[in-house]
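Worksheet: the structure to be examined is printed underneath.
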Amino acid sequence: MSGNGALAWVMALAAVLGGMSGCVSNQTRGIENRALDLVNRERVSAGLEPLVMDDAVRGVARAHSADMAARHFASHDNPDGVNPFQRLDAAGIPYAWAGENIAWNDFRTPAEAALTAWMGSAEHSGNILRAQFTRTGMGVAADGAGGYYFTQVFIGGDQPGR
């Protein structure tokens with residue numbers, strides 16, 4: 001991770017965490033909660049335990065969604081080259097397993113559209129249905145033009161590493 005990219009990302013995370021209750025609208029929070037409910041329905045239907053929302057992981061997910069919305073990109077690696085694992089490490093979150101799903105859409109039911117896209121992809125549905133993942137963070141950011149960026153970070157275990 002480049003020094004400037006890491007510093008910028010950590011500062012963005014700190015801003016999101018510092019104002020977490022005020023920086024997310026009720027509408028966006030509702031979309032986050034709806035998306036998590038839909039993901040957990042898929043897990044329960046597959047015989048898995050539902051994911052538990054982790055506020056620290058949610059902060060990482062929200063910061064990445066906000067970054068994607070602010071800089072108009074959709075990628076696991078931000079324009080500075082910072083990847084999901086580096087974001088978790090920078091936030092000091094321990095994990096043995098980690099993964100990330102992202103999405104963007106401007107549909108009338110954005111949570112449902114994100115889940116449909118994720119479940120239609122082997123890699124994304126694999127994250128949703130991976131038994132090793134036990135905690136999650138769902139972050140959604142509005143793009144200001146009617147669309148939403150989604151980031152769902154998954155973790156399992158308490159040991160750093162992949």
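To be explicit about the labels: the chains of the structure tokens are called A, B, and onward in the order shown, and within each one the residues are counted from 1, while ligands get numbers from 1 in the order they are shown.
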
Could you name the residues that touch Leu36 of chain A at 9 Å or less, counting only C-alpha atoms, but leaving out those on the same chain fewer than 3 positions away, as a list in words? Ile31, Glu32, Asn33, Val39, Asn40, Arg41, Leu51, Met53, Ala111, Thr136, Gly137, Met138 and Gln152 of chain A

Selected residues, all heavy atoms, written as an mmCIF file, in the first residue's frame, please.
data_model
loop_
_atom_site.group_PDB
_atom_site.id
_atom_site.type_symbol
_atom_site.label_atom_id
_atom_site.label_comp_id
_atom_site.auth_asym_id
_atom_site.auth_seq_id
_atom_site.Cartn_x
_atom_site.Cartn_y
_atom_site.Cartn_z
ATOM 1 N N ILE A 31 -31.420 0.949 3.551
ATOM 2 C CA ILE A 31 -30.961 0.115 2.430
ATOM 3 C C ILE A 31 -29.890 -0.862 2.916
ATOM 4 O O ILE A 31 -29.896 -2.038 2.536
ATOM 5 C CB ILE A 31 -30.462 0.997 1.267
ATOM 6 C CG1 ILE A 31 -31.630 1.799 0.676
ATOM 7 C CG2 ILE A 31 -29.793 0.145 0.184
ATOM 8 C CD1 ILE A 31 -31.195 2.897 -0.286
ATOM 9 N N GLU A 32 -28.978 -0.384 3.756
ATOM 10 C CA GLU A 32 -27.963 -1.280 4.333
ATOM 11 C C GLU A 32 -28.624 -2.431 5.091
ATOM 12 O O GLU A 32 -28.261 -3.606 4.895
ATOM 13 C CB GLU A 32 -27.055 -0.521 5.306
ATOM 14 C CG GLU A 32 -26.091 0.425 4.681
ATOM 15 C CD GLU A 32 -25.304 1.225 5.705
ATOM 16 O OE1 GLU A 32 -25.638 1.204 6.922
ATOM 17 O OE2 GLU A 32 -24.336 1.887 5.292
ATOM 18 N N ASN A 33 -29.562 -2.091 5.956
ATOM 19 C CA ASN A 33 -30.219 -3.115 6.772
ATOM 20 C C ASN A 33 -31.014 -4.081 5.913
ATOM 21 O O ASN A 33 -31.019 -5.290 6.168
ATOM 22 C CB ASN A 33 -31.109 -2.467 7.833
ATOM 23 C CG ASN A 33 -30.301 -1.736 8.890
ATOM 24 O OD1 ASN A 33 -29.119 -2.020 9.104
ATOM 25 N ND2 ASN A 33 -30.925 -0.768 9.540
ATOM 26 N N VAL A 39 -29.272 -10.887 2.488
ATOM 27 C CA VAL A 39 -28.112 -11.776 2.514
ATOM 28 C C VAL A 39 -28.330 -12.872 3.554
ATOM 29 O O VAL A 39 -28.096 -14.063 3.298
ATOM 30 C CB VAL A 39 -26.817 -10.978 2.803
ATOM 31 C CG1 VAL A 39 -25.678 -11.896 3.229
ATOM 32 C CG2 VAL A 39 -26.417 -10.165 1.577
ATOM 33 N N ASN A 40 -28.793 -12.494 4.730
ATOM 34 C CA ASN A 40 -28.990 -13.488 5.784
ATOM 35 C C ASN A 40 -30.112 -14.475 5.459
ATOM 36 O O ASN A 40 -30.031 -15.646 5.844
ATOM 37 C CB ASN A 40 -29.208 -12.806 7.138
ATOM 38 C CG ASN A 40 -27.886 -12.423 7.770
ATOM 39 O OD1 ASN A 40 -26.843 -13.005 7.469
ATOM 40 N ND2 ASN A 40 -27.918 -11.423 8.646
ATOM 41 N N ARG A 41 -31.120 -14.045 4.716
ATOM 42 C CA ARG A 41 -32.153 -14.989 4.258
ATOM 43 C C ARG A 41 -31.530 -16.057 3.359
ATOM 44 O O ARG A 41 -31.885 -17.236 3.447
ATOM 45 C CB ARG A 41 -33.263 -14.258 3.516
ATOM 46 C CG ARG A 41 -34.181 -13.500 4.413
ATOM 47 C CD ARG A 41 -35.309 -12.872 3.637
ATOM 48 N NE ARG A 41 -36.028 -11.930 4.477
ATOM 49 C CZ ARG A 41 -37.031 -11.202 4.063
ATOM 50 N NH1 ARG A 41 -37.451 -11.276 2.807
ATOM 51 N NH2 ARG A 41 -37.626 -10.366 4.880
ATOM 52 N N LEU A 51 -25.169 -13.813 9.313
ATOM 53 C CA LEU A 51 -24.008 -12.978 9.632
ATOM 54 C C LEU A 51 -24.395 -11.955 10.692
ATOM 55 O O LEU A 51 -25.503 -11.437 10.688
ATOM 56 C CB LEU A 51 -23.525 -12.244 8.380
ATOM 57 C CG LEU A 51 -22.984 -13.127 7.260
ATOM 58 C CD1 LEU A 51 -22.866 -12.322 5.964
ATOM 59 C CD2 LEU A 51 -21.650 -13.724 7.651
ATOM 60 N N MET A 53 -23.780 -8.250 12.253
ATOM 61 C CA MET A 53 -23.235 -6.953 11.888
ATOM 62 C C MET A 53 -22.191 -6.540 12.914
ATOM 63 O O MET A 53 -22.433 -6.582 14.114
ATOM 64 C CB MET A 53 -24.339 -5.899 11.828
ATOM 65 C CG MET A 53 -23.840 -4.532 11.405
ATOM 66 S SD MET A 53 -23.224 -4.455 9.706
ATOM 67 C CE MET A 53 -24.777 -4.465 8.813
ATOM 68 N N ALA A 111 -31.395 -2.597 -2.735
ATOM 69 C CA ALA A 111 -30.899 -3.749 -1.971
ATOM 70 C C ALA A 111 -31.222 -5.050 -2.696
ATOM 71 O O ALA A 111 -30.368 -5.940 -2.805
ATOM 72 C CB ALA A 111 -31.488 -3.752 -0.558
ATOM 73 N N THR A 136 -19.969 -9.318 9.532
ATOM 74 C CA THR A 136 -20.018 -8.546 8.297
ATOM 75 C C THR A 136 -20.160 -7.070 8.595
ATOM 76 O O THR A 136 -20.497 -6.668 9.708
ATOM 77 C CB THR A 136 -21.193 -9.020 7.399
ATOM 78 O OG1 THR A 136 -21.039 -8.491 6.083
ATOM 79 C CG2 THR A 136 -22.537 -8.618 7.974
ATOM 80 N N GLY A 137 -19.923 -6.300 7.579
ATOM 81 C CA GLY A 137 -20.227 -4.879 7.575
ATOM 82 C C GLY A 137 -20.834 -4.551 6.236
ATOM 83 O O GLY A 137 -20.283 -4.932 5.201
ATOM 84 N N MET A 138 -21.989 -3.910 6.252
ATOM 85 C CA MET A 138 -22.658 -3.502 5.016
ATOM 86 C C MET A 138 -22.627 -1.988 4.971
ATOM 87 O O MET A 138 -23.103 -1.333 5.905
ATOM 88 C CB MET A 138 -24.104 -3.993 5.004
ATOM 89 C CG MET A 138 -24.888 -3.658 3.755
ATOM 90 S SD MET A 138 -24.425 -4.622 2.297
ATOM 91 C CE MET A 138 -25.130 -6.218 2.711
ATOM 92 N N GLN A 152 -20.020 -4.869 0.900
ATOM 93 C CA GLN A 152 -20.218 -5.790 2.006
ATOM 94 C C GLN A 152 -18.891 -6.476 2.261
ATOM 95 O O GLN A 152 -18.332 -7.141 1.384
ATOM 96 C CB GLN A 152 -21.297 -6.832 1.734
ATOM 97 C CG GLN A 152 -21.506 -7.728 2.956
ATOM 98 C CD GLN A 152 -22.699 -8.627 2.890
ATOM 99 O OE1 GLN A 152 -23.239 -8.909 1.816
ATOM 100 N NE2 GLN A 152 -23.135 -9.102 4.043
#

Could you go through chain A and tell me which residues DSSP, when run on the backbone, assigns to helix (DSSP H, G or I), listing them as JSON, numbers by chain? {"A": [3, 4, 5, 6, 7, 8, 9, 10, 11, 12, 13, 14, 15, 16, 17, 18, 20, 21, 22, 23, 26, 27, 28, 29, 30, 31, 32, 33, 34, 35, 36, 37, 38, 39, 40, 41, 42, 43, 44, 45, 55, 56, 57, 58, 59, 60, 61, 62, 63, 64, 65, 66, 67, 68, 69, 70, 71, 84, 85, 86, 87, 88, 89, 90, 110, 111, 112, 113, 114, 115, 116, 117, 118, 119, 122, 123, 124, 125, 126, 127, 128]}

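When only C-alpha atoms are used to measure the gap to Trp104 of chain A, the shortest distance among A:Ala61, A:Ala74, A:Ala91, A:Leu38 belongs to A:Ala74.
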
For Tyr95 of chain A, which residue among A:Gly144, A:Gly157, A:Gly30, A:Gly81 is the nearest when counting only C-alpha atoms?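 Of the candidates, the smallest distance to Tyr95 of chain A is held by A:Gly157.
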
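Going from atom CA of Ala56 of chain A to atom CA of Ile93 of chain A covers 7.4 Å.
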
Nearby residues (only C-alpha atoms) at most 9 Å from segment 112-125 of chain A, same-chain spacing under 2 positions excluded, as a list in words: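 Non-adjacent residues within range: Arg34, Ala35, Leu38, Val39, Glu42, Glu100, Asn101, Ile102, Ala103, Trp104, Asn105, Asp106, Phe107, Arg108, Thr109, Pro110, Asn127, Ile128, Leu129, Arg130 and Phe150 of chain A.
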
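Closest to Val82 of chain A among A:His64, A:Thr28, A:Phe154, A:Gly146 is A:His64, based on only C-alpha atoms.
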
Tell me, as an NGL selection string, which residues lie within 12 Å of Ala70 of chain A, counting only C-alpha atoms; anything in the same chain fewer than 2 positions away does not count. :A and (12 or 63-68 or 72-74 or 78-79 or 141-145 or 148-149)

Just to be explicit: take each residue in the selection above, keep C-alpha atoms, and write the result as a PDB file, in the first residue's frame.
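As written to disk, part_20.pdb reads:
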ATOM      1  CA  ALA A  12     -11.489   8.731   5.215  1.00  0.00           C
ATOM      2  CA  ALA A  63     -15.806   4.224   4.036  1.00  0.00           C
ATOM      3  CA  HIS A  64     -15.165   2.216   0.852  1.00  0.00           C
ATOM      4  CA  SER A  65     -18.667   2.906  -0.482  1.00  0.00           C
ATOM      5  CA  ALA A  66     -18.244   6.611   0.299  1.00  0.00           C
ATOM      6  CA  ASP A  67     -14.864   6.587  -1.456  1.00  0.00           C
ATOM      7  CA  MET A  68     -16.356   4.903  -4.539  1.00  0.00           C
ATOM      8  CA  HIS A  72     -16.709   7.620  -9.149  1.00  0.00           C
ATOM      9  CA  PHE A  73     -15.180   4.146  -9.355  1.00  0.00           C
ATOM     10  CA  ALA A  74     -16.421   0.619  -8.677  1.00  0.00           C
ATOM     11  CA  ASN A  78      -9.381   1.978  -4.802  1.00  0.00           C
ATOM     12  CA  PRO A  79      -7.541   4.306  -7.229  1.00  0.00           C
ATOM     13  CA  ALA A 141     -23.383   5.394  -0.172  1.00  0.00           C
ATOM     14  CA  ALA A 142     -25.620   7.429  -2.453  1.00  0.00           C
ATOM     15  CA  ASP A 143     -23.927   8.814  -5.553  1.00  0.00           C
ATOM     16  CA  GLY A 144     -26.064  11.962  -5.698  1.00  0.00           C
ATOM     17  CA  ALA A 145     -27.611  10.982  -9.020  1.00  0.00           C
ATOM     18  CA  TYR A 148     -26.071   3.552  -4.692  1.00  0.00           C
ATOM     19  CA  TYR A 149     -22.657   2.017  -4.106  1.00  0.00           C
TER      20      TYR A 149
END

Excluding same-chain residues fewer than 2 positions from Leu88 of chain A, what lies within 10 Å of it counting only C-alpha atoms, as number ranges by chain? A: 56-57, 59-61, 83-86, 90-95, 98, 153, 155, 160

Same residues, all heavy atoms, saved as a tab-separated table (two decimals), in the first residue's frame:
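Okay, this is what ended up in part39.tsv:
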chain	number	residue	atom	x	y	z
A	56	ALA	N	-17.33	-2.08	13.54
A	56	ALA	CA	-16.03	-1.70	12.99
A	56	ALA	C	-15.92	-2.11	11.52
A	56	ALA	O	-15.42	-1.34	10.69
A	56	ALA	CB	-14.90	-2.32	13.81
A	57	VAL	N	-16.40	-3.29	11.19
A	57	VAL	CA	-16.37	-3.76	9.80
A	57	VAL	C	-17.33	-2.92	8.96
A	57	VAL	O	-17.05	-2.59	7.81
A	57	VAL	CB	-16.69	-5.27	9.73
A	57	VAL	CG1	-16.69	-5.76	8.29
A	57	VAL	CG2	-15.68	-6.06	10.56
A	59	GLY	N	-17.91	0.18	9.44
A	59	GLY	CA	-17.18	1.42	9.17
A	59	GLY	C	-16.26	1.29	7.97
A	59	GLY	O	-16.17	2.21	7.15
A	60	VAL	N	-15.58	0.15	7.85
A	60	VAL	CA	-14.70	-0.10	6.70
A	60	VAL	C	-15.53	-0.15	5.42
A	60	VAL	O	-15.16	0.44	4.39
A	60	VAL	CB	-13.89	-1.40	6.90
A	60	VAL	CG1	-13.17	-1.81	5.63
A	60	VAL	CG2	-12.91	-1.23	8.06
A	61	ALA	N	-16.67	-0.85	5.47
A	61	ALA	CA	-17.53	-0.96	4.29
A	61	ALA	C	-18.11	0.41	3.90
A	61	ALA	O	-18.12	0.77	2.71
A	61	ALA	CB	-18.65	-1.95	4.56
A	83	ASN	N	-6.50	-2.32	-1.15
A	83	ASN	CA	-7.45	-3.42	-1.34
A	83	ASN	C	-8.23	-3.70	-0.04
A	83	ASN	O	-7.93	-3.12	1.00
A	83	ASN	CB	-6.72	-4.65	-1.88
A	83	ASN	CG	-5.78	-5.27	-0.88
A	83	ASN	OD1	-6.07	-5.42	0.31
A	83	ASN	ND2	-4.61	-5.66	-1.36
A	84	PRO	N	-9.22	-4.58	-0.11
A	84	PRO	CA	-10.06	-4.84	1.08
A	84	PRO	C	-9.25	-5.31	2.29
A	84	PRO	O	-9.56	-4.93	3.43
A	84	PRO	CB	-11.02	-5.94	0.62
A	84	PRO	CG	-11.04	-5.86	-0.86
A	84	PRO	CD	-9.69	-5.34	-1.27
A	85	PHE	N	-8.26	-6.14	2.09
A	85	PHE	CA	-7.48	-6.66	3.20
A	85	PHE	C	-6.65	-5.56	3.85
A	85	PHE	O	-6.52	-5.49	5.07
A	85	PHE	CB	-6.59	-7.82	2.72
A	85	PHE	CG	-7.38	-8.84	1.94
A	85	PHE	CD1	-7.24	-8.94	0.56
A	85	PHE	CD2	-8.30	-9.68	2.58
A	85	PHE	CE1	-7.99	-9.86	-0.16
A	85	PHE	CE2	-9.06	-10.60	1.86
A	85	PHE	CZ	-8.90	-10.69	0.49
A	86	GLN	N	-6.11	-4.68	3.02
A	86	GLN	CA	-5.35	-3.54	3.55
A	86	GLN	C	-6.27	-2.59	4.32
A	86	GLN	O	-5.87	-2.02	5.33
A	86	GLN	CB	-4.64	-2.80	2.41
A	86	GLN	CG	-3.53	-3.63	1.79
A	86	GLN	CD	-3.03	-3.04	0.49
A	86	GLN	OE1	-3.82	-2.62	-0.37
A	86	GLN	NE2	-1.71	-3.00	0.33
A	90	ALA	N	-5.66	-1.73	8.13
A	90	ALA	CA	-5.49	-0.33	8.54
A	90	ALA	C	-6.46	0.05	9.66
A	90	ALA	O	-6.15	0.88	10.50
A	90	ALA	CB	-5.67	0.60	7.34
A	91	ALA	N	-7.63	-0.60	9.67
A	91	ALA	CA	-8.62	-0.33	10.71
A	91	ALA	C	-8.34	-1.14	11.98
A	91	ALA	O	-9.06	-0.99	12.97
A	91	ALA	CB	-10.02	-0.63	10.18
A	92	GLY	N	-7.34	-2.03	11.93
A	92	GLY	CA	-6.99	-2.83	13.11
A	92	GLY	C	-7.98	-3.93	13.42
A	92	GLY	O	-8.12	-4.34	14.57
A	93	ILE	N	-8.64	-4.45	12.39
A	93	ILE	CA	-9.66	-5.49	12.59
A	93	ILE	C	-9.02	-6.85	12.36
A	93	ILE	O	-8.54	-7.14	11.26
A	93	ILE	CB	-10.84	-5.28	11.63
A	93	ILE	CG1	-11.50	-3.93	11.94
A	93	ILE	CG2	-11.84	-6.43	11.73
A	93	ILE	CD1	-12.54	-3.50	10.93
A	94	PRO	N	-9.01	-7.71	13.38
A	94	PRO	CA	-8.43	-9.05	13.21
A	94	PRO	C	-9.41	-9.99	12.48
A	94	PRO	O	-10.62	-9.87	12.63
A	94	PRO	CB	-8.20	-9.52	14.65
A	94	PRO	CG	-9.22	-8.79	15.44
A	94	PRO	CD	-9.44	-7.47	14.75
A	95	TYR	N	-8.84	-10.89	11.69
A	95	TYR	CA	-9.65	-11.85	10.95
A	95	TYR	C	-8.76	-13.00	10.51
A	95	TYR	O	-7.55	-12.83	10.34
A	95	TYR	CB	-10.33	-11.20	9.74
A	95	TYR	CG	-9.34	-10.60	8.76
A	95	TYR	CD1	-8.87	-11.34	7.68
A	95	TYR	CD2	-8.84	-9.31	8.95
A	95	TYR	CE1	-7.93	-10.80	6.80
A	95	TYR	CE2	-7.91	-8.77	8.07
A	95	TYR	CZ	-7.46	-9.52	7.01
A	95	TYR	OH	-6.53	-8.99	6.14
A	98	ALA	N	-11.38	-13.31	5.08
A	98	ALA	CA	-12.05	-12.07	4.71
A	98	ALA	C	-12.42	-12.10	3.24
A	98	ALA	O	-11.78	-12.78	2.43
A	98	ALA	CB	-11.16	-10.87	5.01
A	153	VAL	N	-18.39	-6.28	3.48
A	153	VAL	CA	-17.14	-6.91	3.91
A	153	VAL	C	-17.51	-8.07	4.80
A	153	VAL	O	-18.36	-7.95	5.70
A	153	VAL	CB	-16.24	-5.90	4.66
A	153	VAL	CG1	-14.97	-6.58	5.15
A	153	VAL	CG2	-15.90	-4.71	3.77
A	155	ILE	N	-15.96	-11.20	7.34
A	155	ILE	CA	-14.79	-11.72	8.06
A	155	ILE	C	-15.21	-12.93	8.89
A	155	ILE	O	-16.36	-13.13	9.23
A	155	ILE	CB	-14.12	-10.66	8.96
A	155	ILE	CG1	-15.03	-10.18	10.08
A	155	ILE	CG2	-13.58	-9.50	8.14
A	155	ILE	CD1	-14.32	-9.29	11.10
A	160	PRO	N	-5.28	-12.27	12.49
A	160	PRO	CA	-4.93	-11.55	11.27
A	160	PRO	C	-4.43	-12.50	10.20
A	160	PRO	O	-3.84	-13.52	10.50
A	160	PRO	CB	-3.79	-10.62	11.72
A	160	PRO	CG	-3.90	-10.54	13.21
A	160	PRO	CD	-4.51	-11.85	13.65

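Shortest separation to Arg87 of chain A among A:Glu49, A:Arg58, A:Arg71, A:Gln27 occurs at residue A:Arg58, atoms counted being only C-alpha atoms.
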
Using only C-alpha atoms for the distances, tell me which of A:Asp158, A:Asp89, A:Asp55, A:Leu48 is nearest to Gly139 of chain A.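 Closest residue, counting only C-alpha atoms: A:Asp55.
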